[in-house]
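For reference, upload.txt (compact mmCIF, C-alpha atoms and all ligand atoms):
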# COMPACT_ATOMS: atom_id res chain seq x y z
CA MET A 7 -6.41 11.42 -1.10
CA GLN A 8 -3.90 9.09 0.55
CA PHE A 9 -3.76 5.28 0.37
CA ILE A 10 -2.79 5.32 4.05
CA ASP A 11 -3.06 8.66 5.84
CA HIS A 12 -0.34 9.00 8.47
CA HIS A 13 -0.80 12.73 8.80
CA THR A 14 -4.31 12.79 10.27
CA GLN A 15 -3.38 10.18 12.86
CA GLN A 16 -0.33 12.24 13.74
CA THR A 17 -2.34 15.42 14.28
CA GLN A 18 -4.59 13.52 16.73
CA ILE A 19 -1.76 12.22 18.94
CA LYS A 20 0.90 14.82 18.15
CA ALA A 21 1.23 16.09 21.74
CA GLU A 22 2.05 12.57 23.02
CA ILE A 23 4.44 11.81 20.16
CA ASP A 24 6.28 15.12 20.58
CA ALA A 25 6.54 14.62 24.35
CA GLY A 26 7.84 11.06 23.83
CA ILE A 27 10.53 12.19 21.38
CA ALA A 28 11.52 15.09 23.66
CA ASN A 29 11.91 12.67 26.59
CA VAL A 30 14.27 10.46 24.62
CA LEU A 31 16.34 13.45 23.52
CA ALA A 32 16.52 14.52 27.17
CA HIS A 33 17.65 11.17 28.64
CA GLY A 34 19.78 10.20 25.63
CA GLN A 35 19.42 6.41 25.94
CA TYR A 36 18.93 5.91 22.22
CA ILE A 37 19.63 2.16 22.24
CA LEU A 38 17.37 -0.08 24.40
CA GLY A 39 16.25 2.86 26.50
CA PRO A 40 13.35 2.72 28.98
CA GLU A 41 10.73 3.34 26.25
CA VAL A 42 11.74 0.06 24.58
CA ARG A 43 11.12 -1.93 27.79
CA ASP A 44 7.85 -0.06 28.39
CA PHE A 45 6.67 -0.69 24.82
CA GLU A 46 7.69 -4.36 24.95
CA ALA A 47 5.66 -4.83 28.15
CA LYS A 48 2.59 -3.18 26.61
CA LEU A 49 2.98 -5.18 23.40
CA ALA A 50 3.18 -8.45 25.36
CA ASP A 51 0.07 -7.40 27.26
CA PHE A 52 -1.77 -6.54 24.02
CA VAL A 53 -1.41 -10.03 22.52
CA GLY A 54 -1.38 -11.95 25.81
CA ALA A 55 2.29 -12.94 25.60
CA THR A 56 4.67 -13.53 28.48
CA HIS A 57 7.54 -12.12 26.38
CA ALA A 58 7.84 -9.45 23.66
CA LEU A 59 11.08 -8.14 22.18
CA GLY A 60 11.57 -5.24 19.80
CA CYS A 61 13.88 -5.72 16.82
CA ALA A 62 15.03 -3.73 13.79
CA ASN A 63 12.28 -4.70 11.33
CA GLY A 64 9.63 -7.28 10.50
CA THR A 65 12.06 -9.30 8.38
CA ASP A 66 14.49 -9.79 11.26
CA ALA A 67 11.49 -10.67 13.43
CA ILE A 68 10.89 -13.82 11.32
CA LEU A 69 14.63 -14.45 11.02
CA LEU A 70 15.24 -14.46 14.80
CA PRO A 71 13.22 -17.61 15.64
CA LEU A 72 14.71 -19.47 12.65
CA MET A 73 18.18 -18.61 13.98
CA ALA A 74 17.17 -19.59 17.53
CA TRP A 75 16.01 -23.00 16.31
CA GLY A 76 19.18 -23.55 14.28
CA ILE A 77 17.30 -23.91 11.00
CA GLY A 78 19.69 -24.14 8.06
CA PRO A 79 20.88 -26.17 5.07
CA GLY A 80 18.92 -29.39 4.53
CA ASP A 81 15.86 -28.04 6.37
CA ALA A 82 12.48 -27.33 4.79
CA VAL A 83 10.30 -24.46 6.00
CA PHE A 84 6.76 -24.23 4.62
CA CYS A 85 5.34 -20.81 3.74
CA PRO A 86 2.82 -19.24 1.40
CA SER A 87 3.87 -17.54 -1.81
CA PHE A 88 1.00 -15.02 -1.74
CA THR A 89 2.73 -12.70 0.76
CA TYR A 90 5.44 -10.08 0.98
CA LEU A 91 8.69 -11.71 -0.16
CA ALA A 92 10.38 -11.36 3.27
CA THR A 93 8.51 -14.46 4.48
CA ALA A 94 10.48 -16.72 2.12
CA GLU A 95 13.60 -14.55 2.08
CA VAL A 96 14.57 -15.29 5.69
CA ILE A 97 14.27 -19.04 5.10
CA ALA A 98 16.61 -18.89 2.10
CA LEU A 99 18.95 -16.54 3.97
CA MET A 100 19.43 -19.23 6.64
CA GLY A 101 20.40 -21.67 3.89
CA ALA A 102 17.18 -23.63 4.40
CA THR A 103 14.66 -24.36 1.64
CA PRO A 104 11.36 -22.49 1.44
CA VAL A 105 8.60 -24.85 0.29
CA PHE A 106 5.73 -22.85 -1.14
CA VAL A 107 2.22 -23.79 -0.06
CA ASP A 108 -1.03 -22.65 -1.67
CA VAL A 109 -3.53 -20.34 0.01
CA HIS A 110 -7.22 -20.69 0.61
CA ARG A 111 -9.08 -19.09 -2.29
CA ASP A 112 -11.39 -17.04 -0.01
CA SER A 113 -9.17 -15.91 2.86
CA TYR A 114 -5.81 -15.72 0.98
CA ASN A 115 -4.17 -17.44 3.97
CA MET A 116 -2.35 -20.78 4.10
CA ASP A 117 -4.50 -23.69 2.98
CA PRO A 118 -4.17 -26.55 5.52
CA ASN A 119 -4.69 -29.19 2.80
CA SER A 120 -1.97 -27.77 0.60
CA LEU A 121 0.29 -27.64 3.67
CA LYS A 122 -0.35 -31.32 4.44
CA GLN A 123 0.36 -32.21 0.82
CA ALA A 124 3.62 -30.21 0.80
CA ILE A 125 4.82 -31.85 4.02
CA SER A 126 4.12 -35.38 2.76
CA GLU A 127 5.79 -34.61 -0.57
CA VAL A 128 8.96 -33.40 1.20
CA ARG A 129 8.95 -36.44 3.52
CA ALA A 130 8.43 -38.81 0.57
CA LYS A 131 11.30 -37.28 -1.38
CA GLY A 132 13.53 -37.51 1.67
CA ASP A 133 16.23 -34.96 0.80
CA LEU A 134 15.03 -32.25 3.20
CA THR A 135 14.00 -32.32 6.87
CA PRO A 136 10.74 -30.49 7.59
CA ARG A 137 11.37 -28.10 10.50
CA ALA A 138 8.91 -25.22 10.59
CA ILE A 139 5.84 -23.52 9.12
CA ILE A 140 5.54 -19.76 8.63
CA ALA A 141 1.89 -18.81 8.23
CA VAL A 142 1.05 -15.25 7.16
CA ASP A 143 -1.92 -13.19 8.33
CA LEU A 144 -2.40 -11.58 4.93
CA PHE A 145 -4.10 -8.22 4.35
CA GLY A 146 -4.87 -8.06 8.09
CA GLN A 147 -6.74 -11.33 8.59
CA ILE A 148 -5.58 -13.99 11.04
CA ALA A 149 -4.79 -17.33 9.37
CA ASP A 150 -6.81 -20.44 10.20
CA TYR A 151 -4.64 -21.46 13.16
CA PRO A 152 -7.16 -23.91 14.64
CA ALA A 153 -6.59 -25.93 11.44
CA LEU A 154 -2.85 -25.22 11.03
CA ALA A 155 -1.67 -25.75 14.64
CA PRO A 156 -2.74 -29.43 14.87
CA ILE A 157 -0.80 -30.14 11.65
CA ALA A 158 2.32 -28.49 13.11
CA LYS A 159 1.87 -30.51 16.29
CA ALA A 160 1.31 -33.85 14.55
CA GLU A 161 4.30 -33.28 12.25
CA GLU A 162 6.48 -31.93 15.10
CA LEU A 163 7.11 -28.65 13.30
CA LYS A 164 7.54 -25.18 14.77
CA LEU A 165 4.81 -22.69 13.83
CA ILE A 166 5.40 -18.96 13.27
CA SER A 167 2.74 -16.33 12.65
CA ASP A 168 4.22 -13.70 10.31
CA CYS A 169 1.77 -11.10 11.55
CA ALA A 170 3.34 -8.04 9.89
CA GLN A 171 0.04 -7.31 8.16
CA GLY A 172 -2.34 -8.90 10.63
CA PHE A 173 -1.11 -7.37 13.86
CA GLY A 174 -4.18 -6.72 16.02
CA SER A 175 -6.35 -9.31 14.27
CA THR A 176 -7.98 -11.98 16.37
CA LEU A 177 -9.99 -15.20 16.10
CA LYS A 178 -12.74 -15.55 18.70
CA GLY A 179 -10.87 -12.95 20.74
CA ALA A 180 -7.44 -14.65 20.64
CA HIS A 181 -4.33 -13.34 18.87
CA PRO A 182 -2.26 -15.69 16.63
CA LEU A 183 0.15 -16.31 19.52
CA HIS A 184 -2.55 -18.41 21.17
CA TRP A 185 -1.79 -21.14 18.58
CA VAL A 186 1.83 -20.56 17.53
CA ASP A 187 5.34 -20.74 18.97
CA VAL A 188 6.12 -17.17 18.04
CA GLN A 189 4.16 -14.28 16.56
CA THR A 190 6.17 -11.68 14.67
CA THR A 191 5.31 -8.23 13.42
CA SER A 192 6.63 -5.23 11.51
CA PHE A 193 6.28 -1.56 12.39
CA PHE A 194 7.05 -0.41 8.82
CA PRO A 195 4.99 2.78 8.42
CA ALA A 196 2.37 1.21 6.12
CA LYS A 197 1.55 -1.72 8.46
CA PRO A 198 -1.51 -1.56 10.74
CA LEU A 199 0.71 -0.53 13.67
CA GLY A 200 3.53 1.46 12.08
CA CYS A 201 6.32 3.67 13.39
CA TYR A 202 8.27 6.46 11.65
CA GLY A 203 11.00 4.27 10.22
CA ASP A 204 11.81 0.57 10.45
CA GLY A 205 10.91 -1.59 13.43
CA GLY A 206 9.62 -5.03 14.35
CA ALA A 207 8.91 -7.35 17.25
CA VAL A 208 8.67 -10.99 18.29
CA MET A 209 6.18 -12.26 20.85
CA THR A 210 6.24 -15.65 22.55
CA ASN A 211 5.21 -17.56 25.67
CA ASP A 212 8.42 -19.60 25.57
CA ALA A 213 10.92 -18.14 28.07
CA GLU A 214 13.84 -20.11 26.66
CA LEU A 215 13.13 -19.02 23.08
CA SER A 216 12.75 -15.42 24.21
CA ALA A 217 16.12 -15.49 25.99
CA LEU A 218 17.76 -16.89 22.84
CA MET A 219 16.18 -14.24 20.61
CA GLU A 220 17.16 -11.50 23.07
CA SER A 221 20.76 -12.65 22.77
CA LEU A 222 20.54 -12.99 18.98
CA ARG A 223 19.16 -9.48 18.43
CA PHE A 224 22.25 -8.08 20.22
CA HIS A 225 25.20 -9.83 18.51
CA GLY A 226 24.68 -13.08 20.41
CA LYS A 227 25.45 -11.53 23.78
CA SER A 228 26.13 -13.88 26.68
CA ASP A 229 25.04 -13.88 30.30
CA VAL A 230 28.75 -14.10 31.11
CA PRO A 231 30.15 -10.55 31.07
CA TYR A 232 32.31 -9.73 28.01
CA ASP A 233 31.67 -13.11 26.43
CA THR A 234 29.66 -13.76 23.22
CA ALA A 235 27.55 -16.90 23.30
CA ARG A 236 26.56 -17.25 19.64
CA ILE A 237 26.61 -15.60 16.23
CA GLY A 238 23.89 -12.96 16.20
CA LEU A 239 22.58 -9.80 14.57
CA ASN A 240 22.44 -6.11 15.27
CA SER A 241 18.66 -5.95 15.38
CA ARG A 242 17.19 -3.70 18.03
CA LEU A 243 14.16 -1.42 18.04
CA ASP A 244 15.32 2.21 18.39
CA THR A 245 14.26 3.96 21.60
CA LEU A 246 12.87 6.82 19.48
CA GLN A 247 10.64 4.42 17.54
CA ALA A 248 9.44 2.83 20.79
CA ALA A 249 8.55 6.33 22.07
CA ILE A 250 6.53 6.92 18.88
CA LEU A 251 4.87 3.50 19.06
CA LEU A 252 3.67 3.91 22.67
CA PRO A 253 0.97 6.54 21.90
CA LYS A 254 0.14 4.73 18.64
CA LEU A 255 -0.47 1.46 20.48
CA ALA A 256 -2.75 3.35 22.90
CA VAL A 257 -5.18 4.24 20.06
CA PHE A 258 -4.64 1.06 18.03
CA SER A 259 -7.73 -0.86 19.21
CA GLU A 260 -9.97 2.09 18.35
CA GLU A 261 -8.33 2.32 14.94
CA ILE A 262 -8.99 -1.37 14.26
CA LYS A 263 -12.68 -0.77 15.03
CA ALA A 264 -12.76 2.25 12.70
CA ARG A 265 -11.10 0.25 9.92
CA GLY A 266 -13.61 -2.55 10.45
CA ASP A 267 -16.53 -0.11 10.06
CA ILE A 268 -15.06 1.26 6.82
CA ALA A 269 -14.47 -2.26 5.49
CA ALA A 270 -18.08 -3.21 6.26
CA ARG A 271 -19.32 -0.10 4.41
CA TYR A 272 -17.11 -0.85 1.42
CA SER A 273 -18.27 -4.45 1.26
CA ASP A 274 -21.98 -3.59 1.51
CA ALA A 275 -21.64 -1.12 -1.34
CA LEU A 276 -19.39 -3.21 -3.58
CA VAL A 277 -20.46 -6.82 -3.09
CA ASP A 278 -22.79 -6.76 -6.11
CA HIS A 279 -20.29 -4.98 -8.37
CA VAL A 280 -17.03 -6.91 -7.96
CA MET A 281 -15.93 -10.56 -8.26
CA ARG A 282 -15.09 -10.81 -4.56
CA VAL A 283 -15.13 -8.68 -1.45
CA PRO A 284 -12.95 -9.75 1.51
CA HIS A 285 -14.07 -12.94 3.22
CA LEU A 286 -13.42 -13.30 6.95
CA ILE A 287 -13.31 -16.76 8.50
CA ASP A 288 -15.84 -17.42 11.28
CA GLY A 289 -15.00 -15.43 14.41
CA ALA A 290 -12.17 -13.42 12.80
CA VAL A 291 -11.57 -9.72 13.36
CA SER A 292 -9.23 -8.27 10.74
CA SER A 293 -6.88 -5.36 11.34
CA TRP A 294 -7.40 -4.42 7.67
CA ALA A 295 -3.81 -3.78 6.61
CA GLN A 296 -5.43 -3.70 3.17
CA TYR A 297 -9.00 -3.72 1.93
CA THR A 298 -8.69 -6.01 -1.07
CA ILE A 299 -11.31 -6.81 -3.68
CA GLU A 300 -11.13 -8.87 -6.87
CA VAL A 301 -12.12 -7.59 -10.28
CA PRO A 302 -11.72 -8.95 -13.82
CA ASP A 303 -9.14 -6.31 -14.76
CA PRO A 304 -7.31 -4.68 -11.83
CA VAL A 305 -4.98 -2.74 -14.15
CA ALA A 306 -7.93 -1.03 -15.84
CA LEU A 307 -9.62 -0.29 -12.52
CA SER A 308 -6.47 1.15 -11.00
CA GLY A 309 -6.08 3.45 -14.05
CA ARG A 310 -9.65 4.69 -13.80
CA LEU A 311 -9.30 5.33 -10.07
CA LYS A 312 -6.03 7.16 -10.65
CA ASP A 313 -7.77 9.46 -13.16
CA GLN A 314 -9.98 10.56 -10.26
CA GLY A 315 -7.09 11.01 -7.84
CA ILE A 316 -7.81 7.77 -5.96
CA PRO A 317 -4.74 5.64 -5.15
CA SER A 318 -4.95 1.84 -5.20
CA ALA A 319 -2.48 -1.06 -4.94
CA ARG A 320 -2.23 -4.13 -7.17
CA ASP A 321 -0.16 -7.28 -6.70
CA GLU A 322 2.27 -6.02 -9.33
CA PRO A 323 5.32 -8.15 -8.57
CA GLY A 324 3.16 -11.30 -8.39
CA PRO A 325 3.66 -14.30 -6.08
CA THR A 326 7.17 -14.86 -4.70
CA TYR A 327 7.66 -18.30 -6.27
CA ARG A 328 7.42 -16.82 -9.78
CA ARG A 329 10.35 -14.43 -9.27
CA THR A 330 13.85 -15.17 -10.54
CA ALA A 331 15.51 -15.60 -7.13
CA TYR A 332 12.84 -18.03 -5.89
CA ALA A 333 11.99 -19.90 -9.07
CA ASP A 334 13.94 -23.06 -8.17
CA TYR A 335 12.37 -23.72 -4.76
CA PRO A 336 9.78 -26.48 -4.36
CA VAL A 337 6.08 -25.84 -4.63
CA ALA A 338 3.23 -27.94 -3.21
CA GLY A 339 1.61 -30.15 -5.82
CA ASN A 340 2.07 -29.05 -9.40
CA GLY A 341 1.70 -25.35 -8.78
CA LEU A 342 -0.29 -22.96 -6.66
CA PRO A 343 -3.59 -22.48 -8.53
CA ASN A 344 -5.32 -20.37 -5.87
CA THR A 345 -2.29 -18.12 -5.46
CA MET A 346 -2.01 -17.55 -9.22
CA ASP A 347 -5.73 -16.94 -9.67
CA ALA A 348 -5.98 -14.51 -6.75
CA ALA A 349 -2.86 -12.60 -7.83
CA LYS A 350 -4.48 -11.92 -11.22
CA HIS A 351 -7.53 -10.24 -9.75
CA VAL A 352 -6.70 -8.49 -6.47
CA ILE A 353 -6.67 -4.73 -6.02
CA SER A 354 -6.63 -2.84 -2.71
CA LEU A 355 -8.51 0.39 -2.01
CA PRO A 356 -7.46 3.19 0.36
CA MET A 357 -7.79 2.00 3.95
CA HIS A 358 -6.95 3.74 7.20
CA ALA A 359 -8.81 4.64 10.37
CA TYR A 360 -9.24 8.31 9.43
CA LEU A 361 -10.81 7.89 5.98
CA THR A 362 -13.77 10.31 5.90
CA VAL A 363 -17.25 9.17 4.91
CA ALA A 364 -17.08 11.60 1.97
CA ASP A 365 -13.88 9.95 0.71
CA GLN A 366 -15.33 6.48 1.25
CA ASP A 367 -18.35 7.47 -0.85
CA LEU A 368 -16.13 8.91 -3.57
CA ILE A 369 -14.12 5.67 -3.72
CA ILE A 370 -17.22 3.46 -3.71
CA LYS A 371 -18.84 5.45 -6.53
CA ALA A 372 -15.64 5.49 -8.57
CA VAL A 373 -15.32 1.68 -8.31
CA GLN A 374 -19.00 1.14 -9.12
CA ASP A 375 -18.85 3.47 -12.14
CA ALA A 376 -15.62 2.00 -13.46
CA LEU A 377 -16.97 -1.55 -13.29
CA ALA A 378 -20.32 -0.62 -14.83
CA GLN A 379 -18.60 0.32 -18.10
C1 LIG B 1 6.12 -6.05 5.61
C2 LIG B 1 6.16 -7.49 5.78
C3 LIG B 1 7.32 -8.15 6.26
C4 LIG B 1 8.62 -7.44 6.48
O1 LIG B 1 8.58 -6.38 7.36
P1 LIG B 1 9.75 -5.25 7.28
O2 LIG B 1 9.55 -4.47 8.52
O3 LIG B 1 9.51 -4.46 6.04
O4 LIG B 1 11.05 -5.96 7.26
C5 LIG B 1 7.27 -9.51 6.45
N1 LIG B 1 6.16 -10.22 6.19
C6 LIG B 1 5.04 -9.64 5.72
C7 LIG B 1 3.82 -10.48 5.48
C8 LIG B 1 5.01 -8.26 5.48
O5 LIG B 1 3.88 -7.70 5.01

As structure tokens, please, write out the structure in this file.
Ligand SMILES: *Cc1c(COP(=O)(O)O)cnc(C)c1O
Amino acid sequence: MQFIDHHTQQTQIKAEIDAGIANVLAHGQYILGPEVRDFEAKLADFVGATHALGCANGTDAILLPLMAWGIGPGDAVFCPSFTYLATAEVIALMGATPVFVDVHRDSYNMDPNSLKQAISEVRAKGDLTPRAIIAVDLFGQIADYPALAPIAKAEELKLISDCAQGFGSTLKGAHPLHWVDVQTTSFFPAKPLGCYGDGGAVMTNDAELSALMESLRFHGKSDVPYDTARIGLNSRLDTLQAAILLPKLAVFSEEIKARGDIAARYSDALVDHVMRVPHLIDGAVSSWAQYTIEVPDPVALSGRLKDQGIPSARDEPGPTYRRTAYADYPVAGNGLPNTMDAAKHVISLPMHAYLTVADQDLIIKAVQDALAQ
């Protein structure tokens, strides 16, 4: 059994993927070829953006807007600590200061009250200038943007959705971009919409920001021929990856539905056996990057599942702010109690659109049995 089964998906759309790759080999435009433009247009359409740009990975996707806004030393950027470390990494890489904010205990996404507290603490201290907020759509669920966006607006801060895990998730039908300045994503193979290597994208309704990021992803290229306007990156989405992503995007909405059905089945069967099953905020549709439950002892459960050939994932490295490289950055309040508590208990079960009912039942029974002992 696989944690995420790429093979079954591939067998279902293999003809389209093979034809896409063959086309690229035939025309030979490996960098920013026609498939990239085609995919960017379809991606923009999918989230309701006026602009979408491919880039090299989901980390660069969060880096690009920070570069475009000139965020650097002396600036504070607020982000959660219960996330993949790339969210804070790009802030530190720009020379700015990540300020870690706690998450909501139920949804695992940024807690608006902790955010407000962190912003007022930074303003009171006065050594850093608040510039931006990076919210994360963790495990596939959209963050509470109707609560976060007004805070960003009132505080005159930019708002990014790091949607590497939540791509495809919506709130009352709207994607994160509806509330934020820029939505970013990753096409790392294990993400809800993954390619066969590294890839990422930024989506925005801001034409000026898009033009800046388009320049930045290509060494700061200028509109003036042979000139370079700014210091940039080499961060493009390969044409081959765009060709692979096109047929994957075409089945993505169906896959989100299938994942949602599996998640509902899991939750019905497990709700009385575990400490917590995933909690969706009102009106949210998750893309289920992970199906994550909480148990008293995730290490023990993962061992028992492994004995039966069932893979699972724990939060082994722990929250970013507890790691050596990030230990000196500021934290909202006197610590992040919800982040620490959640990190102790979470464990994710196999989740992908092609998980058979038989495998689902096997997993459910194995979890129930393990926790009954
Ligand atoms: C995976 C991930 C990233 C980084 O994406 P890469 O494509 O691996 O660079 C950033 N943020 C979050 C929340 C992620 O899960």

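Distances here use only C-alpha atoms and all ligand atoms; by that measure, the residue among A:Pro302, A:Pro136, A:Pro156, A:Gly64 closest to ligand LIG 1 (chain B) is A:Gly64.
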
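The space between CA of Ala270 (chain A) and CA of Met116 (chain A) spans 23.7 Å.
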
Task: Cut-off 10 Å around (-2.3, -14.1, -8.2) with all atoms listed in the file: residues as a list in words - done: Ser87, Phe88, Tyr114, Asp321, Glu322, Pro323, Gly324, Pro325, Leu342, Pro343, Asn344, Thr345, Met346, Asp347, Ala348, Ala349, Lys350, His351 and Val352 of chain A

Keeping C-alpha atoms for every residue in the selection just given, could you write it to a file as a short mmCIF file (atom, residue, chain, number, x, y, z; two decimals), in the coordinates of the input?
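Written out: selection.cif:
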data_model
loop_
_atom_site.label_atom_id
_atom_site.label_comp_id
_atom_site.auth_asym_id
_atom_site.auth_seq_id
_atom_site.Cartn_x
_atom_site.Cartn_y
_atom_site.Cartn_z
CA SER A 87 3.87 -17.54 -1.81
CA PHE A 88 1.00 -15.02 -1.74
CA TYR A 114 -5.81 -15.72 0.98
CA ASP A 321 -0.16 -7.28 -6.70
CA GLU A 322 2.27 -6.02 -9.33
CA PRO A 323 5.32 -8.15 -8.57
CA GLY A 324 3.16 -11.30 -8.39
CA PRO A 325 3.66 -14.30 -6.08
CA LEU A 342 -0.29 -22.96 -6.66
CA PRO A 343 -3.59 -22.48 -8.53
CA ASN A 344 -5.32 -20.37 -5.87
CA THR A 345 -2.29 -18.12 -5.46
CA MET A 346 -2.01 -17.55 -9.22
CA ASP A 347 -5.73 -16.94 -9.67
CA ALA A 348 -5.98 -14.51 -6.75
CA ALA A 349 -2.86 -12.60 -7.83
CA LYS A 350 -4.48 -11.92 -11.22
CA HIS A 351 -7.53 -10.24 -9.75
CA VAL A 352 -6.70 -8.49 -6.47
#

Write out as a CSV table (one decimal) with C-alpha atoms, in the frame of the given file which residues come within 12 Å of Leu91 (chain A) when counting only C-alpha atoms, dropping same-chain ones fewer than 2 positions away.
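The file below, result39.csv, is the result:
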chain,number,residue,atom,x,y,z
A,64,GLY,CA,9.6,-7.3,10.5
A,65,THR,CA,12.1,-9.3,8.4
A,68,ILE,CA,10.9,-13.8,11.3
A,85,CYS,CA,5.3,-20.8,3.7
A,86,PRO,CA,2.8,-19.2,1.4
A,87,SER,CA,3.9,-17.5,-1.8
A,88,PHE,CA,1.0,-15.0,-1.7
A,89,THR,CA,2.7,-12.7,0.8
A,93,THR,CA,8.5,-14.5,4.5
A,94,ALA,CA,10.5,-16.7,2.1
A,95,GLU,CA,13.6,-14.6,2.1
A,96,VAL,CA,14.6,-15.3,5.7
A,97,ILE,CA,14.3,-19.0,5.1
A,98,ALA,CA,16.6,-18.9,2.1
A,104,PRO,CA,11.4,-22.5,1.4
A,106,PHE,CA,5.7,-22.8,-1.1
A,142,VAL,CA,1.0,-15.2,7.2
A,168,ASP,CA,4.2,-13.7,10.3
A,170,ALA,CA,3.3,-8.0,9.9
A,321,ASP,CA,-0.2,-7.3,-6.7
A,323,PRO,CA,5.3,-8.2,-8.6
A,324,GLY,CA,3.2,-11.3,-8.4
A,325,PRO,CA,3.7,-14.3,-6.1
A,326,THR,CA,7.2,-14.9,-4.7
A,327,TYR,CA,7.7,-18.3,-6.3
A,328,ARG,CA,7.4,-16.8,-9.8
A,329,ARG,CA,10.4,-14.4,-9.3
A,331,ALA,CA,15.5,-15.6,-7.1
A,332,TYR,CA,12.8,-18.0,-5.9

TODO: Identify, on the basis of all atoms listed in the file, every residue whose closest approach to region 145-153 of chain A does not exceed 9 Å; exclude the query and any residue fewer than 2 positions from it along the same chain; express the result as JSON, numbers by chain.
DONE: {"A": [89, 113, 114, 115, 116, 117, 118, 141, 142, 143, 155, 156, 157, 167, 169, 170, 171, 172, 173, 174, 175, 176, 177, 181, 182, 184, 185, 186, 198, 286, 287, 290, 291, 292, 293, 294, 295, 296, 297, 298]}

Got a minute to add all heavy atoms to region 372-377 of chain A and dump it as a PDB file, in the frame of the given file?
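Resulting contents of result-v6.pdb:
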ATOM      1  N   ALA A 372     -16.620   5.619  -7.484  1.00  0.00           N
ATOM      2  CA  ALA A 372     -15.640   5.490  -8.570  1.00  0.00           C
ATOM      3  C   ALA A 372     -15.466   4.011  -8.978  1.00  0.00           C
ATOM      4  O   ALA A 372     -15.387   3.698 -10.152  1.00  0.00           O
ATOM      5  CB  ALA A 372     -14.299   6.078  -8.141  1.00  0.00           C
ATOM      6  N   VAL A 373     -15.450   3.112  -7.996  1.00  0.00           N
ATOM      7  CA  VAL A 373     -15.320   1.680  -8.310  1.00  0.00           C
ATOM      8  C   VAL A 373     -16.577   1.196  -9.023  1.00  0.00           C
ATOM      9  O   VAL A 373     -16.504   0.514 -10.061  1.00  0.00           O
ATOM     10  CB  VAL A 373     -15.065   0.855  -7.024  1.00  0.00           C
ATOM     11  CG1 VAL A 373     -15.068  -0.639  -7.339  1.00  0.00           C
ATOM     12  CG2 VAL A 373     -13.733   1.252  -6.374  1.00  0.00           C
ATOM     13  N   GLN A 374     -17.727   1.570  -8.489  1.00  0.00           N
ATOM     14  CA  GLN A 374     -19.000   1.140  -9.120  1.00  0.00           C
ATOM     15  C   GLN A 374     -19.074   1.624 -10.562  1.00  0.00           C
ATOM     16  O   GLN A 374     -19.414   0.851 -11.468  1.00  0.00           O
ATOM     17  CB  GLN A 374     -20.190   1.694  -8.325  1.00  0.00           C
ATOM     18  CG  GLN A 374     -20.397   1.011  -6.979  1.00  0.00           C
ATOM     19  CD  GLN A 374     -21.490   1.675  -6.153  1.00  0.00           C
ATOM     20  OE1 GLN A 374     -21.926   2.796  -6.439  1.00  0.00           O
ATOM     21  NE2 GLN A 374     -21.942   0.977  -5.119  1.00  0.00           N
ATOM     22  N   ASP A 375     -18.759   2.891 -10.798  1.00  0.00           N
ATOM     23  CA  ASP A 375     -18.850   3.470 -12.140  1.00  0.00           C
ATOM     24  C   ASP A 375     -17.866   2.784 -13.090  1.00  0.00           C
ATOM     25  O   ASP A 375     -18.194   2.449 -14.224  1.00  0.00           O
ATOM     26  CB  ASP A 375     -18.549   4.985 -12.125  1.00  0.00           C
ATOM     27  CG  ASP A 375     -19.692   5.766 -11.479  1.00  0.00           C
ATOM     28  OD1 ASP A 375     -20.759   5.160 -11.230  1.00  0.00           O
ATOM     29  OD2 ASP A 375     -19.515   6.972 -11.226  1.00  0.00           O
ATOM     30  N   ALA A 376     -16.647   2.588 -12.600  1.00  0.00           N
ATOM     31  CA  ALA A 376     -15.620   2.000 -13.460  1.00  0.00           C
ATOM     32  C   ALA A 376     -16.023   0.581 -13.884  1.00  0.00           C
ATOM     33  O   ALA A 376     -15.786   0.181 -15.020  1.00  0.00           O
ATOM     34  CB  ALA A 376     -14.282   1.971 -12.739  1.00  0.00           C
ATOM     35  N   LEU A 377     -16.637  -0.157 -12.969  1.00  0.00           N
ATOM     36  CA  LEU A 377     -16.970  -1.550 -13.290  1.00  0.00           C
ATOM     37  C   LEU A 377     -18.268  -1.672 -14.060  1.00  0.00           C
ATOM     38  O   LEU A 377     -18.549  -2.703 -14.644  1.00  0.00           O
ATOM     39  CB  LEU A 377     -17.026  -2.369 -11.995  1.00  0.00           C
ATOM     40  CG  LEU A 377     -15.667  -2.511 -11.296  1.00  0.00           C
ATOM     41  CD1 LEU A 377     -15.826  -3.195  -9.946  1.00  0.00           C
ATOM     42  CD2 LEU A 377     -14.688  -3.280 -12.162  1.00  0.00           C
TER      43      LEU A 377
END
